[in-house]
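> Sending over a structure as structure tokens; questions will come in a sec.
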2 protein chains.
Amino acid sequence: MDSRSVYRRFSIAAFAAAAAVTLSSGAALAESPTLSKEAFDRATLLYFQQCAGCHGVLRKGATGKNLEPENMLRLGQRRLERIITHGTEGGMNNFDIMYSPEDITLLATYIQLEPPVPPEMSLAQMKERTVRHVELKDYPTKPMHGRNWKNFFLAIERDHGSVAIIDGDKHELVARVPTGYAVHVMKGVEHNKAVKHPNPEQVGRFWYTMGRDGKMTKIDLWQTPDKMLVAETQVAYDARDVAVSGDGKYVIGGGYWPPHAVIVDAHTMEPLKVVSARGVNVDGEYVNESRVAAIYDTPHASTWLVNMKELGQTWQIDYSDIDNLRIDKIDNSKYLHDGFFDPTGRYFQIAANASDQMVVIDANTRKLEAIIDTDLRPHPGPGANWIDPECGPVGGTPHLGVGKMTAWGNDPANRKDAAWKICYEVETDGPGLFIRTHPKSDYVWIDQTLHPEPEVQQSIKVIDKKTREIVKTIRLTDIEGQVAVHFEFNHDGTEVWASVWNRGDSLQPNGSMIIFDAKTLEVKGRVDGLYAPTGKFNVYNRSNHVT
Amino acid sequence: MDSRSVYRRFSIAAFAAAAAVTLSSGAALAESPTLSKEAFDRATLLYFQQCAGCHGVLRKGATGKNLEPENMLRLGQRRLERIITHGTEGGMNNFDIMYSPEDITLLATYIQLEPPVPPEMSLAQMKERTVRHVELKDYPTKPMHGRNWKNFFLAIERDHGSVAIIDGDKHELVARVPTGYAVHVMKGVEHNKAVKHPNPEQVGRFWYTMGRDGKMTKIDLWQTPDKMLVAETQVAYDARDVAVSGDGKYVIGGGYWPPHAVIVDAHTMEPLKVVSARGVNVDGEYVNESRVAAIYDTPHASTWLVNMKELGQTWQIDYSDIDNLRIDKIDNSKYLHDGFFDPTGRYFQIAANASDQMVVIDANTRKLEAIIDTDLRPHPGPGANWIDPECGPVGGTPHLGVGKMTAWGNDPANRKDAAWKICYEVETDGPGLFIRTHPKSDYVWIDQTLHPEPEVQQSIKVIDKKTREIVKTIRLTDIEGQVAVHFEFNHDGTEVWASVWNRGDSLQPNGSMIIFDAKTLEVKGRVDGLYAPTGKFNVYNRSNHVT
């Protein structure tokens with residue numbers, strides 16, 4: 001064999017493709033429109049705020065379509081403007097309600113240009129961003145207020161950059177904690193059978209928020225209202241979820257960008273370890289922008305379930321020894337979003353929404369258990385489990401793409417016949433985001449927030465667990481622009497809290513919690529003066545896996 | 001809080017850095033020298049062949065220094081030419097022996113330009129590159145020759161693109177298998193106590209090669225000499241190592257680029273699963289070019305040890321369920337290179353050569369066991385274990401940076417006092433690559449290939465296990481340009497085979513194996529007519545962990 005032919009073959013195989021990429025992107029740039037530095041920066045920010053969630057910062061597509069310049073140049077400026085303005089049949093919103101015509105023109109141009117690649121973030125950089133507002137030695141040893149903190153509700157005031165702490169007994173605001181831009185999720189310690197908490201009475205005391213800007217804060221519910229923000233750090237530029245270890249030792253934050261998960265000391269908020277999320281997806285293709293979606297502590301093991309949206313993999317990360325870090329990479333389906341455990345705490349049920357599936361992970365064996373085909377884009381949020389008269393234990397989800405609640409059997413130990421099969425479906429008036437119930441309640445609550453008609457998006461449905469019928473449709477508000485969204489039960493399951501707020505005016509304190517009697521379904525109270533309070537978390541229910 | 005200030009802060013934090021990167025690289029390009037497309041392509045190839053191994057294709061540095069344009073432009077054309085021509089004190093070779101002055105000028109210019117990023121390789125692309133020369137149904141059911149195949153030696157003829165199959169009993173060439181460009185390593189099944197091979201009599205029959213071009217081939221030693229190449233695939237553009245599962249079901253190949261490991265069906269050579277190697281190193285920094293160094297099957301578990309050079313992590317990958325893939329990421333030290341097991345098969349001893357350390361992994365607990373500080377850049381190759389009169393069981397390594405053999409205790413169960421501490425050192429005349437012994441032998445053999453003087457690089461040292469003294473220095477050749485390198489014992493430990501070949505003329509069949517009597521240390525035979533035969537693998541010894 002002649003060495004030159006070997007080299008020639010190598011040269012062609014390995015580097016010709018790279019050169020071709022360089023040349024073609026150069027060619028594309030030559031034909032592209034241009035933007036000033038100021039306009040480009042503004043477009044980058046607008047894109048990040050409203051587009052990147054579905055399409056990715058590198059615009060490779062995920063829940064939304066691929067928006068790379070090659071494809072966008074083909075559609076052209078006018079067509080792109082129309083799509084952004086009016087939305088699509090595929091489920092994209094009309095953005096004329098939040099963006100001006102000038103900004104829509106700008107975005108249409110921007111997506112025809114090469115996307116800027118955001119920088120990485122090292123562990124050292126994260127450590128520089130760690131601030132302790134209260135030193136550990138100054139933490140109180142008992143609650144500094146006489147309130148029943150286990151029935152507190154923590155409500156995300158997303159656009160306002162704060163978390164409202166609400167007294168669930170008294171229906172009144174206790175504190176407003178400045179958490180920074182757009183908190184997406186918060187978690188406290190949850191009871192774990194494998195990893196005992198050293199101070200069981202403190203389970204539920206500390207809460208950890210994750211902002212869309214990657215900022216993590218630590219909230220101490222025992223503190224006086226003005227001191228509840230005790231520490232913070234930043235682990236990403238774009239992020240969604242967070243979870244705590246069963247012993248309260250570690251908190252893990254998941255980044256959209258950089259694509260990684262970061263294990264942080266839950267006491268000091270010092271970042272300790274970075275785990276890259278980049279990987280090869282279930283189709284065998286490398287994904288640079290591999291975003292970390294939902295993260296949960298598992299009730300029976302010293303592990304977190306870290307869901308890789310683009311990979312279609314759930315990584316079960318074991319925190320018992322973070323220097324010799326065990327990760328079980330469980331292949332399942334794209335694109336993973338959010339999920340919840342079954343009542344036993346063994347099975348994690350998560351939406352692969354772009355695949356129209358619910359994926360079930362067996363967190364005890366660290367393996368895939370089942371995949372359930374649902375309707376268009378399931379989105380369970382914190383989810384709901386209940387007992388169906390025929391199927392036995394079931395879990396349920398609304399859908400982003402259709403007005404429908406789907407329930408499936410989820411007790412393979414006792415009801416193998418029904419497990420991981422659809423038990424029944426209930427049609428609602430419109431697609432929604434959240435479902436919720438409580439073991440003591442006879443009803444399942446579901447919203448319809450994504451329907452375009454005010455009458456529908458302001459109304460929620462109550463389904464009877466026994467008859468499987470919608471027993472009540474409740475319109476929570478008729479104020480123009482307001483929507484009804486998200487439910488949470490109180491400590492003892494006697495109340496259901498639902499949110500109403502104005503999508504287009506989220507920086508005004510015009511949002512409320514409407515509080516229902518869980519039995520009579522009548523309004524029994526409300527908390528006003530909140531800034532767009534979507535997600536809310538009852539301390540007791542969340543610490544005790546009440547789903 | 002004002003939303004604009006939040007956005008402004010976000011904008012600055014996340015994207016200013018990205019914009020700065022874009023601008024600075026644009027600025028650098030404007031000042032850079034230029035090359036024609038042809039010259040750039042040639043330089044890319046030359047760089048890949050001789051520079052990328054130490055410096056990386058993205059030139060971030062590893063064993064070698066960072067060669068990114070920012071740093072290279074500062075040194076300038078003339079200084080870079082001088083460094084490439086004469087080498088450095090830090091250990092870089094003088095490249096005037098293999099490159100013309102014109103090529104050195106070209107390379108000096110090339111490294112001042114932005115490195116081209118090679119493409120990714122998907123699972124689908126790998127599948128397209130899979131070829132079966134012999135179908136499974138046509139495999140012979142018994143050896144098709146009367147030879148003692150368990151004493152075959154397989155020798156890598158690197159630059160010639162072939163593997164020489166040599167009869168160890170008869171000292172004669174049996175076959176020359178065309179494996180493609182620059183095979184780096186080959187492996188067969190090794191006896192595994194946790195994962196039984198379904199056909200124990202076939203252990204050692206199939207061998208898998210990994211070429212520097214990422215081509216993997218499967219060799220069947222039962223075939224007639226002209227049909228031994230039975231299948232091939234390609235899993236990377238740049239690669240080094242390969243290993244087989246204990247049951248012979250899977251073979252895993254490690255890529256330098258793309259940075260990933262690929263699990264392949266060992267029967268059909270169909271690629272099945274890609275595991276990205278990209279990750280965050282032990283310093284908390286993201287590494288894009290995270291190269292897969294040595295890979296080994298573990299003798300007591302259904303796992304491979306996959307060593308991540310730049311990360312300073314050993315990933316223990318469990319092949320018992322590749323759809324729910326367990327990986328234990330064991331933090332240790334940069335930059336990992338090659339290693340070997342202790343005689344019990346529990347502890348894997350691997351060089352972190354740029355850290356001047358030997359790292360020890362406990363493959364049973366899947367955790368770091370110890371880190372041993374050695375002299376400059378240890379390089380054990382296939383390694384050597386023996387019994388020292390004082391320390392008990394020891395392992396040993398030569399060094400790339402100094403003429404020294406270092407031996408350390410490696411029996412924590414019975415000799416905790418000596419385990420993972422340096423037992424003794426022996427100075428040789430020059431830095432070397434390989435060490436080898438056999439349980440039945442009284443001696444340890446070590447080469448000195450990296451010393452610049454012909455007299456030293458052509459001579460090897462024999463160390464007495466009992467006295468720890470060098471008992472013999474043997475000059476294997478005095479032909480100009482030839483070096484002595486690498487040892488392998490035969491099946492029963494009675495012979496030691498050493499290689500001699502000409503570095504500057506590796507495409508001529510002027511290389512040989514010199515065969516020594518392991519007891520008398522006298523030459524007892526030779527095999528000539530080989531093309532630069534560096535690494536050689538005795539079927540029996542490698543299948544049975546004889547180290």
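Residues are named by chain letter and number: chains run A, B, ... in the order of the structure tokens, numbers start at 1 in each chain, and ligands are numbered from 1 in the order shown.
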Using only C-alpha atoms, determine which residues lie at most 8 Å from Glu120 in chain B, disregarding the query and same-chain residues fewer than 6 positions distant; provide the list as a ChimeraX atom specification.
/A:286 /B:257-258
> Go ahead and save the picked residues with all heavy atoms, as a PDB file, in the first residue's frame.

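Just written: part_34.pdb:
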```
ATOM      1  N   TYR A 286     -24.370  13.886  17.626  1.00  0.00           N
ATOM      2  CA  TYR A 286     -23.812  14.732  18.668  1.00  0.00           C
ATOM      3  C   TYR A 286     -24.631  16.011  18.801  1.00  0.00           C
ATOM      4  O   TYR A 286     -24.995  16.635  17.806  1.00  0.00           O
ATOM      5  CB  TYR A 286     -22.356  15.098  18.357  1.00  0.00           C
ATOM      6  CG  TYR A 286     -21.817  16.111  19.331  1.00  0.00           C
ATOM      7  CD1 TYR A 286     -21.655  15.774  20.669  1.00  0.00           C
ATOM      8  CD2 TYR A 286     -21.518  17.410  18.928  1.00  0.00           C
ATOM      9  CE1 TYR A 286     -21.191  16.702  21.586  1.00  0.00           C
ATOM     10  CE2 TYR A 286     -21.049  18.346  19.844  1.00  0.00           C
ATOM     11  CZ  TYR A 286     -20.891  17.976  21.166  1.00  0.00           C
ATOM     12  OH  TYR A 286     -20.438  18.906  22.068  1.00  0.00           O
TER      13      TYR A 286
ATOM     14  N   TRP B 257     -10.848  12.527  17.718  1.00  0.00           N
ATOM     15  CA  TRP B 257     -11.812  13.422  17.091  1.00  0.00           C
ATOM     16  C   TRP B 257     -12.707  12.625  16.172  1.00  0.00           C
ATOM     17  O   TRP B 257     -12.182  11.922  15.336  1.00  0.00           O
ATOM     18  CB  TRP B 257     -11.138  14.551  16.290  1.00  0.00           C
ATOM     19  CG  TRP B 257     -12.184  15.567  15.955  1.00  0.00           C
ATOM     20  CD1 TRP B 257     -13.064  15.516  14.900  1.00  0.00           C
ATOM     21  CD2 TRP B 257     -12.525  16.728  16.715  1.00  0.00           C
ATOM     22  NE1 TRP B 257     -13.925  16.578  14.960  1.00  0.00           N
ATOM     23  CE2 TRP B 257     -13.622  17.339  16.064  1.00  0.00           C
ATOM     24  CE3 TRP B 257     -12.027  17.305  17.885  1.00  0.00           C
ATOM     25  CZ2 TRP B 257     -14.208  18.509  16.557  1.00  0.00           C
ATOM     26  CZ3 TRP B 257     -12.604  18.457  18.353  1.00  0.00           C
ATOM     27  CH2 TRP B 257     -13.681  19.049  17.686  1.00  0.00           C
ATOM     28  N   PRO B 258     -14.034  12.745  16.201  1.00  0.00           N
ATOM     29  CA  PRO B 258     -14.738  13.435  17.279  1.00  0.00           C
ATOM     30  C   PRO B 258     -14.388  12.819  18.639  1.00  0.00           C
ATOM     31  O   PRO B 258     -14.105  11.622  18.714  1.00  0.00           O
ATOM     32  CB  PRO B 258     -16.217  13.193  16.947  1.00  0.00           C
ATOM     33  CG  PRO B 258     -16.266  12.815  15.512  1.00  0.00           C
ATOM     34  CD  PRO B 258     -14.970  12.139  15.223  1.00  0.00           C
TER      35      PRO B 258
END
```
> Ala194 in chain A: which residues within 12 Å, counting only C-alpha atoms, same-chain residues fewer than 4 positions away excluded, as a PyMOL selection string?
chain A and resi 190+245-247+297-303+318-320+345+364
> With C-alpha atoms retained, export the selected residues as an mmCIF file, in the first residue's frame.

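selection_0.cif written:
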```cif
data_model
loop_
_atom_site.group_PDB
_atom_site.id
_atom_site.type_symbol
_atom_site.label_atom_id
_atom_site.label_comp_id
_atom_site.auth_asym_id
_atom_site.auth_seq_id
_atom_site.Cartn_x
_atom_site.Cartn_y
_atom_site.Cartn_z
ATOM 1 C CA GLU A 190 -37.815 16.188 49.934
ATOM 2 C CA SER A 245 -30.183 15.923 47.758
ATOM 3 C CA GLY A 246 -32.186 13.952 50.313
ATOM 4 C CA ASP A 247 -29.706 14.804 53.072
ATOM 5 C CA ASP A 297 -34.370 13.979 43.706
ATOM 6 C CA THR A 298 -35.353 10.302 43.749
ATOM 7 C CA PRO A 299 -37.251 9.215 46.902
ATOM 8 C CA HIS A 300 -35.483 5.841 47.226
ATOM 9 C CA ALA A 301 -31.863 6.464 46.263
ATOM 10 C CA SER A 302 -29.024 8.941 46.632
ATOM 11 C CA THR A 303 -29.603 10.133 43.100
ATOM 12 C CA ASP A 318 -25.594 9.564 42.130
ATOM 13 C CA TYR A 319 -24.540 12.112 44.730
ATOM 14 C CA SER A 320 -23.187 9.629 47.293
ATOM 15 C CA GLY A 345 -41.773 7.219 44.477
ATOM 16 C CA ASN A 364 -34.858 1.942 41.614
#
```
> Can you check which residues of chain B have any atom within 6 Å of chain A? Use only C-alpha atoms and format it as a PyMOL selection string.
chain B and resi 14-15+18+118-119+122-123+237+276+279-280+284-285+323-331+367
> Would you save the residues from that selection as an mmCIF file, in the first residue's frame, using C-alpha atoms?

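And here is the file that came out, selection04.cif:
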```cif
data_model
loop_
_atom_site.group_PDB
_atom_site.id
_atom_site.type_symbol
_atom_site.label_atom_id
_atom_site.label_comp_id
_atom_site.auth_asym_id
_atom_site.auth_seq_id
_atom_site.Cartn_x
_atom_site.Cartn_y
_atom_site.Cartn_z
ATOM 1 C CA ALA B 14 -24.101 36.418 28.979
ATOM 2 C CA PHE B 15 -23.389 37.818 25.598
ATOM 3 C CA ALA B 18 -19.312 36.059 23.259
ATOM 4 C CA PRO B 118 -13.074 18.866 11.953
ATOM 5 C CA PRO B 119 -16.641 17.614 11.508
ATOM 6 C CA SER B 122 -22.895 10.378 13.472
ATOM 7 C CA LEU B 123 -23.822 6.777 14.193
ATOM 8 C CA TYR B 237 -11.294 10.596 12.085
ATOM 9 C CA SER B 276 -19.551 11.698 23.881
ATOM 10 C CA GLY B 279 -16.833 17.057 29.554
ATOM 11 C CA VAL B 280 -15.583 19.277 32.329
ATOM 12 C CA GLY B 284 -13.806 22.708 36.424
ATOM 13 C CA GLU B 285 -13.261 23.842 32.828
ATOM 14 C CA ASP B 323 -29.478 1.253 26.608
ATOM 15 C CA ASN B 324 -29.262 2.243 30.280
ATOM 16 C CA LEU B 325 -25.578 2.935 30.263
ATOM 17 C CA ARG B 326 -23.887 3.226 33.627
ATOM 18 C CA ILE B 327 -20.760 5.374 33.667
ATOM 19 C CA ASP B 328 -18.718 6.082 36.793
ATOM 20 C CA LYS B 329 -16.635 9.191 36.212
ATOM 21 C CA ILE B 330 -13.586 8.825 38.418
ATOM 22 C CA ASP B 331 -11.734 12.110 38.949
ATOM 23 C CA LYS B 367 -13.263 4.697 42.608
#
```
> If we count only C-alpha atoms, what is near Asp388 in chain A at a cut-off of 7 Å, once residues fewer than 6 positions away on the same chain are taken out, given as a ChimeraX atom specification?
/A:394,465-466
> Kindly export the residues of the current selection with N, CA and C atoms, as a tab-separated table (two decimals), in the first residue's frame.

```
chain	number	residue	atom	x	y	z
A	394	VAL	N	-53.54	5.83	38.93
A	394	VAL	CA	-53.24	6.44	37.62
A	394	VAL	C	-52.48	7.74	37.82
A	465	LYS	N	-62.96	12.30	40.18
A	465	LYS	CA	-62.14	11.09	40.06
A	465	LYS	C	-62.99	9.83	39.87
A	466	LYS	N	-64.16	9.79	40.50
A	466	LYS	CA	-64.99	8.57	40.42
A	466	LYS	C	-65.70	8.45	39.08
```
> Which residues are close to Lys218 in chain A, i.e. within 12 Å by only C-alpha atoms, leaving aside same-chain residues fewer than 3 positions away? Reply as number ranges by chain.
A: 130-134, 136, 163, 177-180, 186-189, 205-211, 215, 221, 223, 227-234, 242-244, 250-251, 264-270
> Let's see if you can do this: from backbone DSSP, list all strand (DSSP E or B) residues in range 91-189 of chain B, as a list in words.
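Taking range 91-189 of chain B and keeping strand (DSSP E or B) gives Val131, Arg132, Phe152, Phe153, Leu154, Ala155, Ile156, Glu157, Ser162, Val163, Ala164, Ile165, Ile166, Asp167, Glu172, Leu173, Val174, Ala175, Arg176, Val177, Pro178, Val183, His184, Val185, Met186, Lys187 and Gly188 of chain B.
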> What is the CA of Phe434 in chain B to CA of Thr449 in chain B distance in Å?
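So the two atoms, CA of Phe434 in chain B and CA of Thr449 in chain B, lie 8.7 Å apart.
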> Give me the residues within 12 Å of Gln202 in chain B as a PyMOL selection string, counting only C-alpha atoms and dropping any in the same chain fewer than 6 places off.
chain B and resi 140-143+149-150+188-191+196+220-222+246-248+539-540+543
> To one decimal in Å, tell me the separation between CA of Glu68 in chain B and CA of Thr85 in chain B.
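Atom-to-atom, CA of Glu68 in chain B to CA of Thr85 in chain B, that is 19.0 Å.
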